Each structure stands twice: as structure tokens, then as C-alpha cells.
Amino acid sequence: MNDFKSYHAISQLVLDRSISSKDSASIAKAYIYLGDYYSSKVISDSAFRNYFLAQKIYLQINDQYNLAKTLLSKASLQYNESDFFESEISVFKALSILKNQKNVNDQLYECYNLLGILYNEREEYEKALEYQNKALNTLNDKSIPADLQLKATSLNNIGFVYMRMKNYKQAIVYFEKGLQEKNLFEEKTILYAMLLDNLAYSKLKSERLDGLPDQFYRSLKIRDSLGLKMAKISNQIHLSEYYAFKRDTFRAIQFSKQALLLSRSSDKLANTLLALKQIAVVDPRNASKYSREYILLNDKMLKAERNMGEKFSRIEYETSEIKDQNSNLQERNRTLIYVFSICTLIGLFFYVYKTQQAKNRELLFKQQQQIANEDIYNLMISQQNEIESTRINEKKRVAQELHDGVLGRMFGVRISLDSLDKIDETEAADKRKKYLAELKNIEEDIREISHDLNREKSELINNFILILNKLFENQRNIYPSKLEVSFDNQIKWESISNMVKINLYRIVQEALQNCNKYAKANLIKIEFKKHKEDVILSILDDGAGFNTKRTKNGIGLHNIEYRAKECNGTVIIKSVKGEGTLLIIKVPIDPNSNLQKTI
């Protein structure tokens with residue numbers, strides 16, 4: 001479609017994607033695309049660099065077929081820049097690879113054809129004909145598409161060699177054969193116009209003027225319609241020669257000037273030289289001027305060709321040098337990576353060793369602290385039991401006082417009140433007031449004793465809850481997370497064994513530590529409730545959570561499970577990463593404890 005801007009952008013995109021995915025074959029293919037782009041734009045140094053980069057990659061991945069195609073593309077580029085010697089070397093490198101491949105006649109054709117063209121340029125006509133005939137013989141392979149018109153191409157090239165040898169009669173034979181190829185005009189219009197121009201020129205040189213100048217004009221018209229500026233120059237020069245032969249000097253000069261004007265707008269100095277040479281012949285009066293320009297341009301072209309050849313060599317050298325430097329740098333980087341990896345492993349080993357030592361010390365300390373805490377708690381319980389025993393004795397004493405003191409006083413008042421019926425009303429009224437005051441005093445004494453008993457009973461019952469509340473108070477004072485606690489007042493704590501209460505206390509303590517250390521929760525909810533003959537402790541936080549299937553339980557969770565098992569209980573852990581954790585401990589209580597009764 002000749003949309004070269006989009007072609008270049010997509011080729012660069014292919015290269016970038018291939019490099020990012022480290023796909024060597026696709027990287028090389030992208031370099032070929034870019035080489036073809038710069039070659040079409042006649043930016044030869046950039047084209048050569050991309051072909052050379054592709055060549056290096058195909059060598060590394062041992063892709064022989066694509067390596068040969070790349071060498072052939074590079075050879076064609078070197079030929080276009082008149083670097084014939086290096087072009088020949090590249091072609092022979094491609095041939096040495098292709099001869100060991102199968103089904104590559106299309107590529108062999110390109111190699112032989114290019115060698116024939118090269119030797120023709122170097123005026124080694126016998127070799128040129130040899131390789132052009134080899135190219136023609138490869139077309140016996142019927143797998144090569146006929147619509148490529150390669151046979152017509154070879155016939156044109158052979159005819160051109162004979163034309164350069166001034167054997168115009170033989171050249172005409174091959175040009176006419178080429179023009180007779182089926183569907184040539186439809187399938188390869190450019191080649192048709194070239195054969196027609198070459199045939200007409202060979203006729204002119206052999207002084208066979210049949211079909212002239214119509215064949216020149218027809219070829220020129222085709223090339224003009226296709227926008228082939230460089231090819232038009234050839235037609236105009238040939239027409240100038242034709243009219244010079246016909247002694248029509250005006251037209252001869254006119255066509256040579258058109259050719260010169262058109263050639264000066266191109267980058268190909270060779271076309272300008274041909275036009276200058278022709279106009280110097282047909283315009284003798286200005287021949288010296290054109291000759292001077294010819295000499296200057298010829299020197300310039302030779303210098304440009306030499307510079308381009310040197311540039312190609314420099315690109316190969318610099319690219320190889322950069323590659324060698326990169327290889328050395330990669331080797332040094334690998335060595336540094338190995339050294340760094342070994343040092344990292346050693347450091348990691350010592351870190352793990354020291355960390356494990358610290359964990360072991362921490363675990364031992366926790367175990368010792370746990371034993372000490374249990375001893376302290378058991379001592380607290382023992383002291384509480386002694387206090388409770390003392391209070392029971394005190395209660396017995398109070399009961400005796402109620403029986404012996406209060407009841408005796410009440411019995412006395414009742415007897416006295418009974419005796420009031422036997423005296424007159426005036427005296428009875430005074431005594432009644434006295435006895436009512438005594439009853440009031442007895443009532444106050446009973447109320448005071450009752451309050452004391454109730455307070456003592458409440459303190460005894462709530463002792464475990466007080467210990468937990470102290471733990472909760474410390475949590476609220478030290479950590480920023482919000483703590484919500486609720487107790488089911490149906491639970492009769494005084495009937496629960498000390499062993500169960502110790503384990504429940506430690507489970508709560510361990511759970512709070514986990515919330516503070518790992519979960520980093522904003523809200524913690526702790527709830528004690530009764531369900532049938534079980535006490536259920538649930539601890540919920542909105543912290544980081546963890547994957548219960550993947551995460552190995554730590555010491556804290558193992559301790560919780562161990563303590564629940566000690567109480568014949570069960571533990572359920574529900575957690576999702578980023579969505580908090582729910583811990584449920586279910587502990588059975590002696591069914592004879594009668595938890596349903598009110599305190």
C-alpha cells in the first residue's frame with residue numbers, strides 16, 4: 001500500500017514488544033522489517049545496520065534459512081551502493097548456507113541472479129552469463145510461482161549482458177523472448193516496460209529501426225504512468241540517442257535536457273552522469289561545461305561510494321565491538337550476581353539462625369512466664385478460697401447473732417405487745433411507742449446484716465470477672481484499638497473450676513496479644529455467653545486476617561488450641577486476608593453446676 005510511515009511505526013512496535021518478551025526470532029524479524037523500510041527510503045547506513053543486527057541474532061539462534069535471506073538482503077543493499085566486492089562476499093556466504101538446505105530454489109535464484117548482475121557491472125561478462133543461466137535453470141522448480149515472472153527477469157538480465165558486450169543481435173533474441181512470457185504486462189508491468197526499452201535500444205544500436213521510436217515512447221508512457229522517475233531517465237536518454245542517430249538535433253537535445261533535469265532531482269548520481277554524457281554528445285557547443293560537471297560529479301560519486309563502503313565496514317565493526325563489550329559486561333554482571341547471591345545466602349543463614357535463637361528464647365521466656373502466671377493465679381484462687389472460708393465462718397457467726405440476738409429481741413417485743421391488752425389504754429399507748437421504736441431498731445440491724453451478706457456474695461461471685469476486667473482495662477490503656485466486652489449473666493462463675501477459668505483467662509490474653517501484634521485491628525469484640533451446658537468465648541477483630549489454609553499456626557494459636565483441649569473444648573478459627581478474624585472457643589461445664597439458677 002506504500003504506507004511507509006505506518007509500516008515503520010508498526011515495525012518499531014514489533015521490535016519493542018519482541019525485546020520486552022525476549023523473543024530472539026521476532027527481534028531479528030523486526031530488524032529485517034526496519035532494514036527493508038530504510039532500504040526503500042534509500043537510507044542505506046540505517047538499512048545495513050538493521051540487516052547486520054538481524055544477521056547476528058540468526059547466527060546465535062542457528063536459523064540458517066533466515067540467515068541466508070538476511071545476507072542476501074545485505075548483499076543487494078551493498079550492490080545498490082556500488083560496494084561490489086563486499087556484496088559478492090555476502091552472496092557467496094548465503095549460497096554456502098543454502099546449498100545445505102532443501103526447497104530453497106527461490107533463494108538460490110536470487111543469489112545467482114545477483115551474482116550475474118554484479119559480474120556484469122564489473123565487466124566479467126562470461127561469469128555474468130554463467131550465473132544468469134544458473135538462475136534460469138533453478139526456475140525448473142515448478143513450486144516457484146509463475147506470476148513472479150522470474151523467467152522474464154532472467155531473460156532480460158541475460159539480454160542486458162549481451163547488450164553490454166555489444167552483441168546486440170543476441171540481446172534482441174533474449175529481450176523478445178522475455179516479452180513473449182505469458183501475462184507479463186498484467187503481472188509485472190515494470191519489467192515489461194524495461195524489456196521494451198532494452199529491446200528498442202538494442203535495435204537502435206544494431207540499426208534495426210523497425211518499431212522505433214514507438215517502442216521507446218510506449219515504454220516511457222508506462223513508466224510515467226507508474227511514477228518511475230529513474231526509469232524515465234533511461235527512456236529519455238535512449239530517445240535522445242535515437243534522434244541524434246536520425247540527425248534531429250533539436251529533439252536529441254530536448255530529451256537529453258529532460259533527462260538531466262529529472263536526474264538532478266534524484267539521489268542517484270549515476271543517472272546524472274549518464275544524462276551529462278549524452279547531452280555533451282548532442283550539444284557540442286556546451287560540451288566543455290557538461291564535461292566539467294561530469295568530472296566533478298564522478299569524483300563525488302566515487303568518494304560517496306567509498307565512504308558508504310567504509311561506513312558499512314564501520315557499522316559491522318562497531319556493532320561487533322558493542323556486542324563484545326556487552327558480553328564482557330554480562331559476564332562481569334553474572335560474576336557479581338553469583339558473589340552477591342552467595343553473600344546473601346550466608347547473611348540469610350545467619351539471620352535465620354539468630355532469629356530462631358531469639359524465637360527460642362522468647363518461647364522459653366513465655367513458657368516460664370506462663371508457669372509463673374498460673375502459679376500466681378492459683379495462689380490468688382487459694383487466697384480467695386481462704387477468704388471465702390473465713391467469710392463462711394463469719395456468716396455462721398452472724399446467723400447465730402440473728403438467732404440469739406435479733407430473734408430473741410423480737411420474741412421479747414412480741415410478748416410485751418401481747419401484755420398491752422391487760423392494761424388501760426393511756427399506759428398502753430406509751431409502751432406501744434416504745435416497743436415500735438425497738439422493732440424499728442431491729443429492722444435496721446437486719447437490713448444492715450442483709451446488705452453486708454449480699455455485698456460479700458457479689459464480690460465472691462464476680463471475682464473472676466474482676467480479674468478479666470483488669471486485663472481489659474490494661475488493654476484499653478496501652479493499645480489504641482477499641483475493645484467491646486460482654487458477659488452472659490446466666491453463667492455461674494463460682495461453680496466453674498479454677499482450671500477452666502485459668503485457661504479461659506490465658507486464651508483471652510493470648511488472643512489480645514495476637515490482635516495487637518499481628519492483626520493491627522481497630523475494633524475487638526469479646527463475648528462470654530452460655531449455650532446449653534457450654535460456655536462459649538468468641539473473639540472478633542477487624543484486622544489484617546490471614547489465609548487459614550496456607551498460614552501455619554504460630555505458637556499463640558497452638559497454645560489456644562492446647563488450652564481448649566485441656567478443658568475438653570473445641571476451637572474454631574475463621575479468617576480471610578484483609579477481612580479480620582473470628583475465634584470461637586466452646587468449653588463444656590459440669591451439667592450439675594445448675595447454670596440456669598439465678599444468683
# chains A, B, ... in the order shown; residues from 1 in each chain; ligands from 1

$ residues_around --residues "segment 180-190 of chain A" --least-positions-apart "3" --cutoff "9 Å" --atoms "only C-alpha atoms" --output "short mmCIF file (atom, residue, chain, number, x, y, z; two decimals) with N, CA, C and O atoms, in the first residue's frame"
data_model
loop_
_atom_site.label_atom_id
_atom_site.label_comp_id
_atom_site.auth_asym_id
_atom_site.auth_seq_id
_atom_site.Cartn_x
_atom_site.Cartn_y
_atom_site.Cartn_z
N ASP A 147 3.68 -16.30 -11.45
CA ASP A 147 3.27 -14.89 -11.54
C ASP A 147 4.35 -13.93 -11.08
O ASP A 147 4.21 -12.71 -11.21
N LEU A 148 5.47 -14.47 -10.53
CA LEU A 148 6.59 -13.60 -10.18
C LEU A 148 7.37 -13.17 -11.43
O LEU A 148 8.19 -12.25 -11.37
N GLN A 149 7.13 -13.88 -12.52
CA GLN A 149 7.77 -13.57 -13.81
C GLN A 149 9.30 -13.55 -13.69
O GLN A 149 9.98 -12.68 -14.25
N LYS A 151 11.32 -15.82 -14.90
CA LYS A 151 11.94 -16.21 -16.17
C LYS A 151 12.15 -14.99 -17.07
O LYS A 151 13.21 -14.81 -17.68
N ALA A 152 11.13 -14.14 -17.12
CA ALA A 152 11.26 -12.91 -17.90
C ALA A 152 12.37 -12.03 -17.36
O ALA A 152 13.10 -11.38 -18.11
N PHE A 175 15.59 -10.38 -25.31
CA PHE A 175 14.57 -9.39 -24.95
C PHE A 175 13.21 -9.77 -25.56
O PHE A 175 12.17 -9.65 -24.92
N GLU A 176 13.23 -10.25 -26.79
CA GLU A 176 11.98 -10.65 -27.44
C GLU A 176 11.38 -11.87 -26.74
O GLU A 176 10.16 -11.97 -26.57
N LYS A 177 12.24 -12.84 -26.31
CA LYS A 177 11.75 -13.99 -25.56
C LYS A 177 11.09 -13.55 -24.25
O LYS A 177 10.05 -14.06 -23.85
N ALA A 193 7.97 -2.84 -19.32
CA ALA A 193 8.48 -1.56 -19.83
C ALA A 193 10.00 -1.60 -19.97
O ALA A 193 10.57 -1.04 -20.93
N MET A 194 10.69 -2.28 -19.04
CA MET A 194 12.16 -2.38 -19.09
C MET A 194 12.60 -3.18 -20.31
O MET A 194 13.51 -2.79 -21.05
N LEU A 195 11.93 -4.35 -20.52
CA LEU A 195 12.27 -5.18 -21.68
C LEU A 195 12.03 -4.43 -22.98
O LEU A 195 12.84 -4.51 -23.93
N ILE A 222 4.44 4.08 -20.11
CA ILE A 222 4.16 3.15 -18.99
C ILE A 222 4.89 3.61 -17.73
O ILE A 222 4.31 3.67 -16.63
N ARG A 223 6.15 3.93 -17.87
CA ARG A 223 6.95 4.32 -16.71
C ARG A 223 6.45 5.63 -16.11
O ARG A 223 6.45 5.82 -14.90
N LEU A 226 3.39 5.01 -14.04
CA LEU A 226 3.69 4.33 -12.78
C LEU A 226 4.52 5.20 -11.83
O LEU A 226 4.81 4.79 -10.71
N LEU A 228 7.70 6.12 -12.26
CA LEU A 228 9.07 5.59 -12.17
C LEU A 228 10.05 6.63 -12.72
O LEU A 228 10.41 6.62 -13.91
#

$ residues_around --residues "Gly545 of chain A" --least-positions-apart "6" --cutoff "10 Å" --atoms "only C-alpha atoms" --output "list in words"
Cys515, Tyr518, Ala519, Lys520, Ala521, Lys574, Ser575, Val576, Lys577, Gly578, Glu579, Gly580, Thr581 and Leu582 of chain A

$ write_last_selection --atoms "N, CA, C and O atoms" --output "compact mmCIF listing (two decimals), in the first residue's frame"
# COMPACT_ATOMS: atom_id res chain seq x y z
N CYS A 515 -4.00 -9.95 68.39
CA CYS A 515 -4.66 -8.79 67.78
C CYS A 515 -3.75 -7.58 67.75
O CYS A 515 -3.68 -6.85 66.77
N TYR A 518 -0.23 -8.72 65.42
CA TYR A 518 -0.33 -9.11 64.01
C TYR A 518 -1.51 -8.47 63.28
O TYR A 518 -1.39 -7.99 62.17
N ALA A 519 -2.67 -8.49 63.93
CA ALA A 519 -3.89 -8.06 63.23
C ALA A 519 -3.96 -6.56 63.01
O ALA A 519 -4.48 -6.08 62.02
N LYS A 520 -3.40 -5.79 64.02
CA LYS A 520 -3.49 -4.32 63.97
C LYS A 520 -4.94 -3.88 63.77
O LYS A 520 -5.26 -3.09 62.87
N ALA A 521 -5.81 -4.44 64.61
CA ALA A 521 -7.25 -4.21 64.47
C ALA A 521 -7.65 -2.86 65.04
O ALA A 521 -7.02 -2.33 65.96
N LYS A 574 -12.01 -18.63 62.01
CA LYS A 574 -12.49 -18.16 60.71
C LYS A 574 -11.77 -16.84 60.38
O LYS A 574 -11.86 -15.90 61.17
N SER A 575 -11.08 -16.85 59.24
CA SER A 575 -10.33 -15.63 58.88
C SER A 575 -10.18 -15.55 57.37
O SER A 575 -10.01 -16.56 56.69
N VAL A 576 -10.25 -14.34 56.84
CA VAL A 576 -9.99 -14.05 55.43
C VAL A 576 -9.01 -12.89 55.40
O VAL A 576 -9.16 -11.92 56.13
N LYS A 577 -8.02 -12.99 54.53
CA LYS A 577 -6.99 -11.96 54.47
C LYS A 577 -7.62 -10.61 54.14
O LYS A 577 -8.30 -10.44 53.15
N GLY A 578 -7.36 -9.65 55.02
CA GLY A 578 -7.89 -8.30 54.83
C GLY A 578 -9.29 -8.11 55.39
O GLY A 578 -9.81 -7.00 55.32
N GLU A 579 -9.92 -9.17 55.97
CA GLU A 579 -11.29 -9.05 56.45
C GLU A 579 -11.44 -9.46 57.91
O GLU A 579 -12.54 -9.74 58.37
N GLY A 580 -10.35 -9.55 58.66
CA GLY A 580 -10.44 -9.82 60.09
C GLY A 580 -10.46 -11.30 60.44
O GLY A 580 -10.34 -12.17 59.57
N THR A 581 -10.60 -11.57 61.73
CA THR A 581 -10.53 -12.94 62.25
C THR A 581 -11.60 -13.14 63.33
O THR A 581 -11.87 -12.24 64.13
N LEU A 582 -12.22 -14.33 63.34
CA LEU A 582 -13.18 -14.73 64.38
C LEU A 582 -12.66 -16.00 65.03
O LEU A 582 -12.41 -17.01 64.35

$ residues_around --residues "segment 125-139 of chain A" --least-positions-apart "2" --cutoff "10 Å" --atoms "only C-alpha atoms" --output "ChimeraX atom specification"
/A:104-123,141-146,150-162,164-165

$ atom_distance --atom1 "atom CA of Lys529 of chain A" --atom2 "atom CA of Pro480 of chain A"
25.9 Å

$ select_by_dssp --residues "segment 477-595 of chain A" --states "strand (DSSP E or B)" --output "VMD selection string"
chain A and resid 482 to 487 523 to 531 534 to 541 570 to 575 581 to 588

$ closest_residue --among "A:Leu95, A:Ile442, A:Leu239, A:Val173" --to "Asp197 of chain A" --atoms "only C-alpha atoms"
A:Leu239
